[in-house]
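Q: Got a structure for you, entry02.txt, holding compact mmCIF, C-alpha atoms.
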```
# COMPACT_ATOMS: atom_id res chain seq x y z
CA MET A 19 -2.96 19.94 4.16
CA ASP A 20 -0.94 19.07 7.24
CA ALA A 21 1.36 16.04 7.44
CA ALA A 22 0.45 15.19 11.03
CA ASP A 23 -3.27 15.33 10.29
CA LEU A 24 -2.85 13.24 7.14
CA ASP A 25 -0.90 10.64 9.07
CA ARG A 26 -3.44 10.52 11.89
CA ARG A 27 -6.33 9.95 9.49
CA PHE A 28 -4.30 7.46 7.46
CA ARG A 29 -3.58 5.31 10.51
CA SER A 30 -6.99 5.57 12.19
CA TYR A 31 -9.35 5.75 9.17
CA SER A 32 -11.21 8.43 11.13
CA ARG A 33 -12.85 11.51 9.56
CA CYS A 34 -11.87 10.37 6.09
CA ILE A 35 -13.02 8.21 3.17
CA PRO A 36 -11.41 4.79 3.80
CA PRO A 37 -9.90 2.80 0.92
CA TYR A 38 -12.68 0.22 0.63
CA VAL A 39 -15.24 3.01 0.23
CA VAL A 40 -13.04 4.68 -2.39
CA SER A 41 -12.93 1.39 -4.30
CA ARG A 42 -16.71 1.16 -4.10
CA LEU A 43 -17.14 4.72 -5.42
CA LEU A 44 -14.88 4.01 -8.37
CA GLU A 45 -16.58 0.69 -9.02
CA LEU A 46 -19.92 2.52 -9.29
CA GLY A 47 -18.46 5.14 -11.65
CA HIS A 48 -18.13 8.09 -9.25
CA VAL A 49 -14.70 9.08 -10.58
CA GLU A 50 -15.42 12.81 -10.52
CA GLU A 51 -16.37 12.71 -6.85
CA VAL A 52 -13.23 10.76 -5.98
CA ALA A 53 -11.11 13.28 -7.92
CA PHE A 54 -12.86 16.19 -6.18
CA GLN A 55 -12.23 14.68 -2.75
CA ALA A 56 -8.62 13.91 -3.66
CA GLY A 57 -8.13 17.63 -4.16
CA ARG A 58 -9.59 18.30 -0.70
CA GLY A 59 -7.12 16.25 1.32
CA GLU A 60 -8.63 12.76 1.04
CA TRP A 61 -5.45 10.70 0.75
CA PHE A 62 -7.05 7.36 -0.05
CA CYS A 63 -8.93 8.99 -2.94
CA ALA A 64 -5.72 10.55 -4.26
CA ARG A 65 -3.70 7.35 -3.93
CA GLU A 66 -6.19 5.03 -5.60
CA LEU A 67 -7.00 7.44 -8.41
CA ALA A 68 -3.30 8.10 -9.01
CA GLU A 69 -2.70 4.36 -9.31
CA ARG A 70 -5.58 4.10 -11.76
CA PHE A 71 -4.25 6.99 -13.85
CA ALA A 72 -0.76 5.51 -13.80
CA GLY A 73 -2.11 2.19 -15.06
CA GLU A 74 -3.81 4.05 -17.91
CA GLY A 75 -0.59 5.83 -18.87
CA ARG A 76 -1.83 9.20 -17.54
CA ARG A 77 1.38 9.90 -15.66
CA ALA A 78 1.18 13.67 -15.42
CA GLU A 79 -2.32 13.47 -13.94
CA ALA A 80 -1.18 10.85 -11.44
CA ARG A 81 1.71 13.02 -10.25
CA LYS A 82 -0.52 16.09 -10.07
CA LEU A 83 -2.82 14.26 -7.68
CA LEU A 84 0.04 13.31 -5.35
CA ASP A 85 2.10 16.50 -5.49
CA PRO A 86 0.13 18.48 -2.84
CA TYR A 87 0.51 15.59 -0.41
CA VAL A 88 4.21 15.22 -1.18
CA ALA A 89 4.65 18.93 -0.57
CA THR A 90 3.59 18.50 3.07
CA GLY A 91 6.64 16.31 3.67
CA TRP A 92 4.46 13.35 4.69
CA TRP A 93 6.51 10.23 4.10
CA THR A 94 3.62 7.99 3.03
CA ALA A 95 2.90 10.30 0.09
CA VAL A 96 6.57 10.62 -0.78
CA GLU A 97 6.92 6.85 -0.82
CA ALA A 98 3.89 6.48 -3.12
CA ALA A 99 5.23 9.09 -5.54
CA ALA A 100 8.71 7.58 -5.53
CA GLY A 101 7.22 4.17 -6.24
CA LEU A 102 5.46 5.52 -9.32
CA LEU A 103 8.64 7.20 -10.54
CA GLU A 104 10.60 3.98 -10.21
CA ALA A 105 7.87 2.05 -12.05
CA TRP A 106 8.11 4.59 -14.87
CA GLY A 107 11.87 4.05 -15.20
CA ARG A 108 12.71 7.34 -13.50
CA ALA A 109 14.66 5.83 -10.62
CA ASP A 110 17.05 8.78 -10.24
CA GLU A 111 14.10 11.08 -9.57
CA ALA A 112 12.68 8.57 -7.09
CA ILE A 113 16.00 8.44 -5.27
CA ALA A 114 16.25 12.22 -5.17
CA LEU A 115 12.73 12.45 -3.77
CA ALA A 116 13.32 9.90 -1.01
CA ARG A 117 16.88 10.86 -0.01
CA PRO A 118 16.14 13.98 2.11
CA HIS A 119 13.71 11.95 4.23
CA ALA A 120 16.29 9.18 4.72
CA GLU A 121 18.97 11.72 5.60
CA GLY A 122 16.54 13.16 8.12
CA GLY A 123 16.64 9.84 9.97
CA GLY A 124 13.22 8.45 9.06
CA ARG A 125 13.38 4.69 9.54
CA GLU A 126 10.86 3.87 6.83
CA ALA A 127 12.58 6.25 4.44
CA LEU A 128 16.00 4.72 5.15
CA ALA A 129 14.72 1.21 4.48
CA PHE A 130 12.92 2.32 1.31
CA LEU A 131 15.90 4.20 -0.07
CA GLY A 132 18.29 1.35 0.72
CA ARG A 133 16.20 -1.20 -1.16
CA LEU A 134 15.57 1.24 -4.01
CA LEU A 135 19.31 1.83 -4.44
CA ALA A 136 19.93 -1.92 -4.41
CA ARG A 137 17.30 -2.50 -7.10
CA GLN A 138 19.13 0.03 -9.26
CA GLY A 139 22.44 -1.82 -8.99
CA ARG A 140 23.79 0.47 -6.29
CA SER A 141 23.98 -2.15 -3.53
CA ALA A 142 27.30 -0.89 -2.16
CA GLU A 143 25.78 2.55 -1.62
CA ALA A 144 22.69 0.97 -0.05
CA PHE A 145 24.86 -1.09 2.31
CA ALA A 146 26.83 1.97 3.40
CA LEU A 147 23.57 3.85 4.02
CA LEU A 148 22.11 1.15 6.25
CA LEU A 149 25.20 -0.24 7.99
CA PRO A 150 25.22 2.35 10.81
CA HIS A 151 21.71 1.17 11.70
CA ILE A 152 22.52 -2.50 12.36
CA GLY A 153 21.25 -1.92 15.92
CA ASP A 154 17.73 -1.14 14.70
CA ALA A 155 15.66 -4.32 14.23
CA PHE A 156 13.60 -2.84 11.37
CA LEU A 157 16.57 -1.45 9.47
CA ALA A 158 18.67 -4.55 10.09
CA VAL A 159 16.21 -6.47 7.90
CA ALA A 160 16.78 -3.99 5.07
CA LEU A 161 20.55 -4.20 5.60
CA VAL A 162 20.45 -7.99 5.21
CA ASP A 163 18.32 -7.59 2.08
CA VAL A 164 20.95 -5.45 0.35
CA ALA A 165 24.10 -7.10 1.74
CA GLY A 166 24.14 -9.97 -0.76
CA GLY A 167 24.15 -7.73 -3.81
CA ALA A 168 26.92 -5.65 -2.25
CA GLY A 169 29.06 -8.73 -1.60
CA ARG A 170 29.07 -7.95 2.11
CA ASP A 171 27.30 -11.00 3.52
CA GLU A 172 30.20 -12.07 5.70
CA GLU A 173 30.57 -8.63 7.21
CA VAL A 174 26.91 -8.35 8.17
CA ALA A 175 26.96 -11.95 9.41
CA ALA A 176 29.78 -11.12 11.83
CA LEU A 177 27.87 -8.13 13.16
CA LEU A 178 24.73 -10.22 13.67
CA ALA A 179 26.70 -12.98 15.40
CA ASP A 180 28.10 -10.38 17.80
CA ARG A 181 24.58 -9.23 18.65
CA ILE A 182 23.48 -12.80 19.32
CA ALA A 183 26.49 -13.41 21.57
CA ALA A 184 25.94 -10.15 23.45
CA GLY A 185 22.36 -11.06 24.30
CA HIS A 186 19.63 -8.56 24.99
CA ARG A 187 18.23 -7.61 28.40
CA CYS A 188 15.13 -5.46 28.22
CA GLU A 189 15.44 -4.55 31.91
CA ASP A 190 18.58 -2.62 30.98
CA PRO A 191 17.78 1.16 31.06
CA ALA A 192 19.66 1.49 27.76
CA CYS A 193 17.31 -0.97 26.08
CA ARG A 194 15.31 0.52 23.23
CA ARG A 195 12.21 -1.03 21.71
CA THR A 196 13.91 -0.97 18.30
CA ASP A 197 16.94 -3.02 19.39
CA PRO A 198 17.03 -6.46 17.73
CA ALA A 199 16.69 -9.25 20.28
CA PRO A 200 18.86 -12.38 19.89
CA ALA A 201 16.00 -14.23 18.17
CA GLY A 202 15.64 -11.53 15.53
CA ALA A 203 19.37 -11.40 14.91
CA ALA A 204 19.47 -15.21 14.64
CA HIS A 205 16.70 -15.19 12.02
CA LEU A 206 18.54 -12.57 9.99
CA LEU A 207 21.81 -14.45 10.27
CA ALA A 208 20.04 -17.62 9.13
CA THR A 209 18.84 -15.73 6.04
CA VAL A 210 22.42 -14.75 5.27
CA ARG A 211 23.74 -18.27 5.82
CA GLU A 212 21.10 -19.80 3.55
CA ARG A 213 21.98 -17.26 0.87
CA GLN A 214 25.62 -18.30 1.22
CA GLY A 215 24.69 -21.95 0.80
CA ARG A 216 25.54 -22.76 4.43
CA VAL A 217 22.24 -24.54 5.08
CA ASP A 218 23.37 -26.51 8.14
CA ASP A 219 24.46 -23.29 9.85
CA ALA A 220 21.12 -21.68 9.00
CA LEU A 221 19.21 -24.66 10.40
CA ALA A 222 21.24 -24.59 13.61
CA LEU A 223 20.25 -20.98 14.14
CA LEU A 224 16.55 -21.68 13.61
CA ARG A 225 16.08 -24.90 15.54
CA PRO A 226 14.28 -24.49 18.89
CA GLY A 227 16.65 -23.18 21.52
CA PRO A 228 17.41 -20.18 23.75
CA THR A 229 17.26 -17.66 20.89
CA ALA A 230 14.30 -19.18 19.05
CA SER A 231 11.15 -17.19 18.39
CA PRO A 232 7.95 -19.19 19.04
CA VAL A 233 6.30 -18.02 15.82
CA HIS A 234 8.54 -16.42 13.22
CA GLY A 235 11.40 -18.86 13.82
CA HIS A 236 9.17 -21.87 13.22
CA GLU A 237 7.84 -20.38 9.98
CA GLN A 238 11.35 -19.66 8.72
CA LEU A 239 12.59 -23.08 9.79
CA ALA A 240 9.73 -24.85 8.03
CA GLY A 241 10.33 -22.86 4.86
CA LEU A 242 14.02 -23.68 4.86
CA LEU A 243 13.36 -27.39 5.37
CA VAL A 244 10.91 -27.36 2.44
CA ARG A 245 13.31 -25.47 0.17
CA THR A 246 16.13 -27.90 0.93
CA GLY A 247 13.99 -31.04 0.63
CA ARG A 248 14.57 -32.20 4.22
CA MET A 249 11.22 -33.89 4.54
CA GLU A 250 12.07 -36.25 7.39
CA GLU A 251 13.30 -33.44 9.59
CA LEU A 252 10.21 -31.44 8.69
CA ARG A 253 8.06 -34.40 9.78
CA VAL A 254 9.80 -34.45 13.17
CA TYR A 255 9.18 -30.76 13.79
CA ALA A 256 5.63 -31.07 12.48
CA GLU A 257 4.74 -33.39 15.37
CA GLU A 258 4.22 -30.51 17.80
CA LEU A 259 4.93 -27.22 16.04
CA GLY A 260 2.10 -25.54 14.16
CA ALA A 261 4.03 -23.78 11.40
CA PRO A 262 6.03 -26.85 10.28
CA ALA A 263 2.85 -28.95 10.43
CA ARG A 264 1.02 -26.50 8.18
CA ARG A 265 3.93 -26.39 5.72
CA LEU A 266 4.17 -30.19 5.62
CA ALA A 267 0.43 -30.59 5.05
CA GLU A 268 0.46 -27.98 2.29
CA LEU A 269 3.39 -29.68 0.58
CA LEU A 270 1.79 -33.12 0.73
CA ALA A 271 -1.51 -31.75 -0.61
CA GLU A 272 0.28 -30.01 -3.47
CA ARG A 273 1.92 -33.33 -4.36
CA GLY A 274 -1.47 -35.04 -4.48
CA ASP A 275 -1.16 -36.85 -1.15
CA LEU A 276 -4.28 -35.46 0.51
CA GLU A 277 -4.59 -38.36 2.94
CA GLY A 278 -1.02 -37.79 4.05
CA ALA A 279 -1.80 -34.10 4.60
CA ILE A 280 -4.85 -35.04 6.68
CA ALA A 281 -2.75 -37.42 8.77
CA VAL A 282 -0.41 -34.56 9.72
CA TYR A 283 -3.24 -32.96 11.69
CA ARG A 284 -4.64 -36.21 13.10
CA ARG A 285 -1.49 -37.40 14.84
CA PRO A 286 -2.29 -39.70 17.79
CA GLY A 287 -0.91 -38.57 21.11
CA ALA A 288 -0.63 -34.90 20.18
CA SER A 289 -0.96 -32.25 22.86
CA GLU A 290 -4.30 -30.55 23.47
CA ASP A 291 -3.01 -27.30 21.95
CA PHE A 292 -1.86 -29.11 18.82
CA ARG A 293 -5.17 -31.00 18.53
CA ARG A 294 -7.11 -27.74 18.59
CA PHE A 295 -4.78 -26.12 16.09
CA GLY A 296 -4.88 -29.26 13.94
CA ALA A 297 -8.67 -29.42 13.91
CA VAL A 298 -9.01 -25.86 12.63
CA GLU A 299 -6.33 -26.37 9.97
CA LEU A 300 -7.76 -29.76 8.99
CA ALA A 301 -11.23 -28.29 8.49
CA ALA A 302 -9.80 -25.61 6.21
CA LEU A 303 -7.84 -28.23 4.26
CA LEU A 304 -10.91 -30.43 3.80
CA GLU A 305 -13.02 -27.44 2.73
CA ARG A 306 -10.45 -26.41 0.12
CA HIS A 307 -10.58 -29.90 -1.36
CA GLY A 308 -14.35 -30.09 -1.65
CA ARG A 309 -14.95 -32.17 1.46
CA GLY A 310 -17.13 -29.70 3.31
CA GLY A 311 -19.18 -32.32 5.12
CA GLU A 312 -16.07 -33.72 6.77
CA ALA A 313 -14.88 -30.20 7.59
CA ILE A 314 -18.15 -29.57 9.42
CA GLU A 315 -17.74 -32.78 11.41
CA VAL A 316 -14.22 -31.79 12.45
CA LEU A 317 -15.25 -28.33 13.65
CA ARG A 318 -18.39 -29.65 15.34
CA LEU A 319 -16.35 -32.10 17.40
CA LEU A 320 -14.01 -29.29 18.39
CA ALA A 321 -16.88 -26.94 19.30
CA ASP A 322 -18.61 -29.67 21.34
CA ALA A 323 -15.50 -30.32 23.44
CA PRO A 324 -15.36 -28.73 26.93
CA LEU A 325 -14.73 -24.99 26.61
CA GLY A 326 -14.62 -25.44 22.83
CA ALA A 327 -17.56 -23.26 21.77
CA GLU A 328 -15.69 -19.97 21.45
CA ASP A 329 -17.44 -17.31 19.39
CA TRP A 330 -14.92 -17.33 16.51
CA LEU A 331 -15.16 -21.12 16.22
CA VAL A 332 -18.96 -21.18 16.36
CA ARG A 333 -19.08 -18.45 13.72
CA ARG A 334 -16.80 -20.44 11.44
CA LEU A 335 -18.88 -23.58 11.98
CA CYS A 336 -22.14 -21.76 11.20
CA THR A 337 -20.61 -20.29 8.05
CA LEU A 338 -19.61 -23.77 6.91
CA TYR A 339 -23.09 -25.09 7.57
CA ALA A 340 -24.64 -22.22 5.57
CA ASP A 341 -22.17 -22.55 2.69
CA HIS A 342 -23.21 -26.17 2.28
CA GLY A 343 -26.95 -25.59 2.40
CA ARG A 344 -27.32 -26.77 5.99
CA ALA A 345 -28.50 -23.57 7.67
CA GLU A 346 -31.25 -25.41 9.58
CA GLU A 347 -28.64 -27.62 11.24
CA ALA A 348 -26.65 -24.54 12.23
CA LEU A 349 -29.75 -23.04 13.82
CA ALA A 350 -30.40 -26.26 15.72
CA TYR A 351 -26.81 -26.19 16.97
CA LEU A 352 -27.23 -22.59 18.19
CA ASP A 353 -30.44 -23.63 19.94
CA ASP A 354 -28.59 -26.40 21.78
CA LEU A 355 -25.82 -24.00 22.71
CA LYS A 356 -28.27 -21.44 24.06
CA SER A 357 -30.07 -24.13 26.05
CA SER A 358 -26.85 -25.30 27.69
CA ARG A 359 -25.68 -21.78 28.51
CA GLY A 360 -29.00 -20.33 29.54
CA ASP A 361 -28.64 -17.11 27.57
CA GLU A 362 -27.40 -15.77 24.25
CA ASP A 363 -25.54 -12.48 23.99
CA TRP A 364 -25.51 -10.56 20.74
CA GLY A 365 -22.22 -12.08 19.59
CA PHE A 366 -23.85 -15.51 19.33
CA PHE A 367 -27.36 -14.32 18.51
CA GLU A 368 -26.09 -12.36 15.50
CA MET A 369 -24.99 -15.63 13.89
CA ARG A 370 -28.65 -16.63 13.66
CA LEU A 371 -29.67 -13.77 11.39
CA PRO A 372 -28.09 -14.82 8.06
CA LEU A 373 -29.05 -18.43 8.81
CA LEU A 374 -32.70 -17.49 9.29
CA ALA A 375 -32.58 -15.44 6.09
CA ALA A 376 -31.08 -18.41 4.22
CA CYS A 377 -34.04 -20.49 5.42
CA GLY A 378 -36.52 -17.94 4.06
CA ARG A 379 -37.28 -16.56 7.51
CA ARG A 380 -36.01 -13.00 7.06
CA GLU A 381 -38.99 -11.30 8.71
CA GLU A 382 -38.62 -13.56 11.73
CA ALA A 383 -34.94 -12.63 11.88
CA LEU A 384 -35.81 -8.93 11.85
CA GLU A 385 -38.39 -9.33 14.60
CA LEU A 386 -36.03 -11.32 16.78
CA ALA A 387 -33.19 -8.85 16.25
CA ARG A 388 -35.33 -5.87 17.21
CA ALA A 389 -36.66 -7.67 20.29
CA HIS A 390 -33.21 -8.74 21.53
CA PRO A 391 -31.99 -6.94 24.70
CA GLU A 392 -29.16 -5.48 22.61
CA GLY A 393 -31.37 -4.76 19.61
CA GLU A 394 -31.16 -0.98 20.05
CA THR A 395 -27.37 -0.80 19.94
CA SER A 396 -25.33 0.48 16.99
CA TYR A 397 -23.80 -2.93 16.31
CA ALA A 398 -27.26 -4.47 16.20
CA ALA A 399 -28.34 -1.71 13.80
CA SER A 400 -25.61 -2.78 11.37
CA SER A 401 -26.88 -6.37 11.36
CA ILE A 402 -30.50 -5.31 10.96
CA ALA A 403 -29.58 -2.94 8.13
CA LEU A 404 -27.73 -5.72 6.33
CA LEU A 405 -30.80 -7.96 6.50
CA LEU A 406 -32.92 -5.15 5.05
CA ALA A 407 -30.42 -4.24 2.33
CA ASP A 408 -30.04 -7.86 1.23
CA ALA A 409 -33.82 -7.87 0.73
CA GLY A 410 -33.59 -4.73 -1.44
CA ARG A 411 -34.95 -2.49 1.33
CA VAL A 412 -32.00 -0.10 1.32
CA GLU A 413 -33.99 3.01 2.28
CA GLU A 414 -35.17 1.23 5.43
CA ALA A 415 -31.59 0.14 6.13
CA VAL A 416 -30.45 3.77 5.93
CA THR A 417 -33.20 4.85 8.34
CA VAL A 418 -32.05 2.25 10.87
CA LEU A 419 -28.41 3.29 10.56
CA GLU A 420 -29.07 7.02 10.75
CA ALA A 421 -30.34 6.55 14.30
CA HIS A 422 -26.83 5.35 15.24
CA ALA A 423 -24.72 7.42 12.85
CA CYS A 424 -21.69 7.69 15.13
CA GLY A 425 -21.43 3.93 15.53
CA THR A 426 -22.35 2.87 11.99
CA THR A 427 -20.49 5.42 9.89
CA THR A 428 -19.07 3.18 7.20
CA ASP A 429 -22.17 1.01 6.91
CA LEU A 430 -24.36 4.09 6.55
CA ALA A 431 -22.05 5.59 3.94
CA GLU A 432 -22.01 2.39 1.88
CA HIS A 433 -25.82 2.20 1.83
CA LEU A 434 -26.10 5.87 0.89
CA ILE A 435 -23.73 5.26 -1.99
CA ILE A 436 -25.91 2.39 -3.20
CA LEU A 437 -28.82 4.84 -3.26
CA GLY A 438 -26.74 7.34 -5.23
CA ARG A 439 -26.57 9.81 -2.32
CA VAL A 440 -22.80 10.14 -2.62
CA LYS A 441 -22.39 13.65 -1.19
CA GLU A 442 -24.29 12.59 1.93
CA ALA A 443 -22.14 9.49 2.27
CA VAL A 444 -18.93 11.50 2.08
CA ALA A 445 -20.22 14.02 4.62
CA VAL A 446 -21.02 11.21 7.07
CA LEU A 447 -17.52 9.76 6.77
CA GLN A 448 -15.80 13.11 7.14
CA ARG A 449 -17.94 14.13 10.11
CA HIS A 450 -17.40 11.06 12.31
```
Can you turn what I pasted into structure tokens?
A:
Amino acid sequence: MDAADLDRRFRSYSRCIPPYVVSRLLELGHVEEVAFQAGRGEWFCARELAERFAGEGRRAEARKLLDPYVATGWWTAVEAAAGLLEAWGRADEAIALARPHAEGGGREALAFLGRLLARQGRSAEAFALLLPHIGDAFLAVALVDVAGGAGRDEEVAALLADRIAAGHRCEDPACRRTDPAPAGAAHLLATVRERQGRVDDALALLRPGPTASPVHGHEQLAGLLVRTGRMEELRVYAEELGAPARRLAELLAERGDLEGAIAVYRRPGASEDFRRFGAVELAALLERHGRGGEAIEVLRLLADAPLGAEDWLVRRLCTLYADHGRAEEALAYLDDLKSSRGDEDWGFFEMRLPLLAACGRREEALELARAHPEGETSYAASSIALLLADAGRVEEAVTVLEAHACGTTTDLAEHLIILGRVKEAVAVLQRH
């Protein structure tokens, strides 16, 4: 095995057995095949089987599965093995395993080792390990995580404040992608200040301003307002900011005030962006509370608005219709949409297929799919195969997918597994 090849397959899921297929193989009892493939360089097989063995108390077998991968020096495998060792109460061995990788400068290894040391009561050592890397945005997060246990909050706070004051200009040739921008440093400093009990200082750092992040900062601000019970301030921010609005609605719903939660998303005079965001969130809220009919109305109004019928929104609306036994209405809506647009590309047409099947019109769905201008493509083959498989016609589904093997690899493998043709399924995944 080669570390670079393992990492490439791990990140791309190419020419390997992906984790969801491994889970399916184990679910169907193909443990021996998973173990065989684990010994042939299939990382996801090795990892999942090792976790299973560990859960069953078969520690030696779990380590034996991971050892060849660890021997390549690939950090992902080292991290998995160290995690098992820590879980087994063998933290010193985990530290010894991870330390050479951290000393080699690996960012992920440094962060892992720092947090591992802190969990073992060695926060001062963890702080010393990570302090030289305050200028790395990823490692600065780990440094803040361990600073409290080391009693060094004020020291790290001063360093973060200096970075905020210095600013960050990405046009500077010395700028590196890993440097923490002022917004990131402000968020980390806010975490430290909240931990110190200096809530007002933390809030000042997170409120909208020159260093605020449009997404993460709002999430952190909303969370802090909830934790400190500052409901009125949360209501103010919830008027136009999505994250605080979502947090406020969730909190009200948890307290039994569903109508109050609904009102958060139906605020009169809101901007167009907020109204669109609010409609999607409101539909989800209504659905979670058993008010699917109202959720459908909310999404239908949004989809019927000018430029509102985006594919993701129409798909969500059709799913809601189907989930509530109203597939015919969804089909009628798609008909209206097609009539207004004059055509129907596969992205929208595909939504018809499960709706037709739900109405007992599966054969019609198959005929329409095959006759569609895009019906001979690999993505169409996946949809057609699903219709066939759901009707118990798995052999036919496999025949359809085999004509497009390069574009339907995972689908083909999953159907072959259902038929018990596991070796063929694995070969397909490893070939493409």
Q: Could you check how far CA of Gly185 in chain A sits from CA of Leu223 in chain A, in Å to one decimal?
A: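 The value is 14.4 Å.
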Q: Grab the CA of Ala415 in chain A to CA of Ile35 in chain A distance for me, in Å with one decimal place.
A: 20.5 Å
Q: Give one line per residue of range 289-381 of chain A that approaches range 401-411 of chain A to at most 10 Å, naming the two atoms of the closest pair and their distance in Å to one decimal, counting all atoms listed in the file; sort by chain then ascending residue number and deliver it as CSV.
A:
```
residue,atom,partner,partner_atom,distance
A:Glu368,CA,A:Ser401,CA,7.3
A:Met369,CA,A:Ser401,CA,9.8
A:Leu371,CA,A:Leu405,CA,7.7
A:Pro372,CA,A:Leu405,CA,7.5
A:Ala375,CA,A:Leu405,CA,7.7
A:Arg380,CA,A:Leu405,CA,7.3
A:Glu381,CA,A:Leu405,CA,9.1
```
Q: Considering all atoms listed in the file, state which residue in the set A:Ala222, A:Leu276, A:Ala72, A:Ala263 is at the smallest distance from Phe292 in chain A.
A: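 Checking each of A:Ala222, A:Leu276, A:Ala72, A:Ala263 against Phe292 in chain A, counting all atoms listed in the file, the winner is A:Ala263.
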Q: Considering only C-alpha atoms, return as a ChimeraX atom specification whatever protein or nucleic-acid residues lie within 7 Å of range 57-69 of chain A, sequence-local ones (same chain, fewer than 4 positions apart) excluded.
A: /A:19,34-37,40,52-53,73,80,83-84
Q: So which residues touch Arg333 in chain A within 12 Å, counting all atoms listed in the file, skipping near sequence neighbours fewer than 5 positions away, as a PyMOL selection string?
A: chain A and resi 314+317-318+321+327-328+338-340+348-349+351-352+365-373
Q: Would you be able to write out as a count of residues only which residues have an atom within 12 Å of (-3.7, -25.2, 13.9) in the file's coordinates, counting all atoms listed in the file?
A: 32
Q: Can you work out the spacing between CA of Glu414 in chain A and CA of Gln448 in chain A in Å, to one decimal?
A: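 Separation between CA of Glu414 in chain A and CA of Gln448 in chain A: 22.8 Å.
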Q: Which residue, A:His450, A:Met249, A:Ala109, A:Thr417, has the smallest gap to Arg140 in chain A when you use all atoms listed in the file?
A: A:Ala109
Q: Any idea what's packed within 9 Å of Glu420 in chain A, counting all atoms listed in the file, ignoring anything in its chain fewer than 6 positions away? Could you give it as a PyMOL selection string?
A: chain A and resi 426-427+430
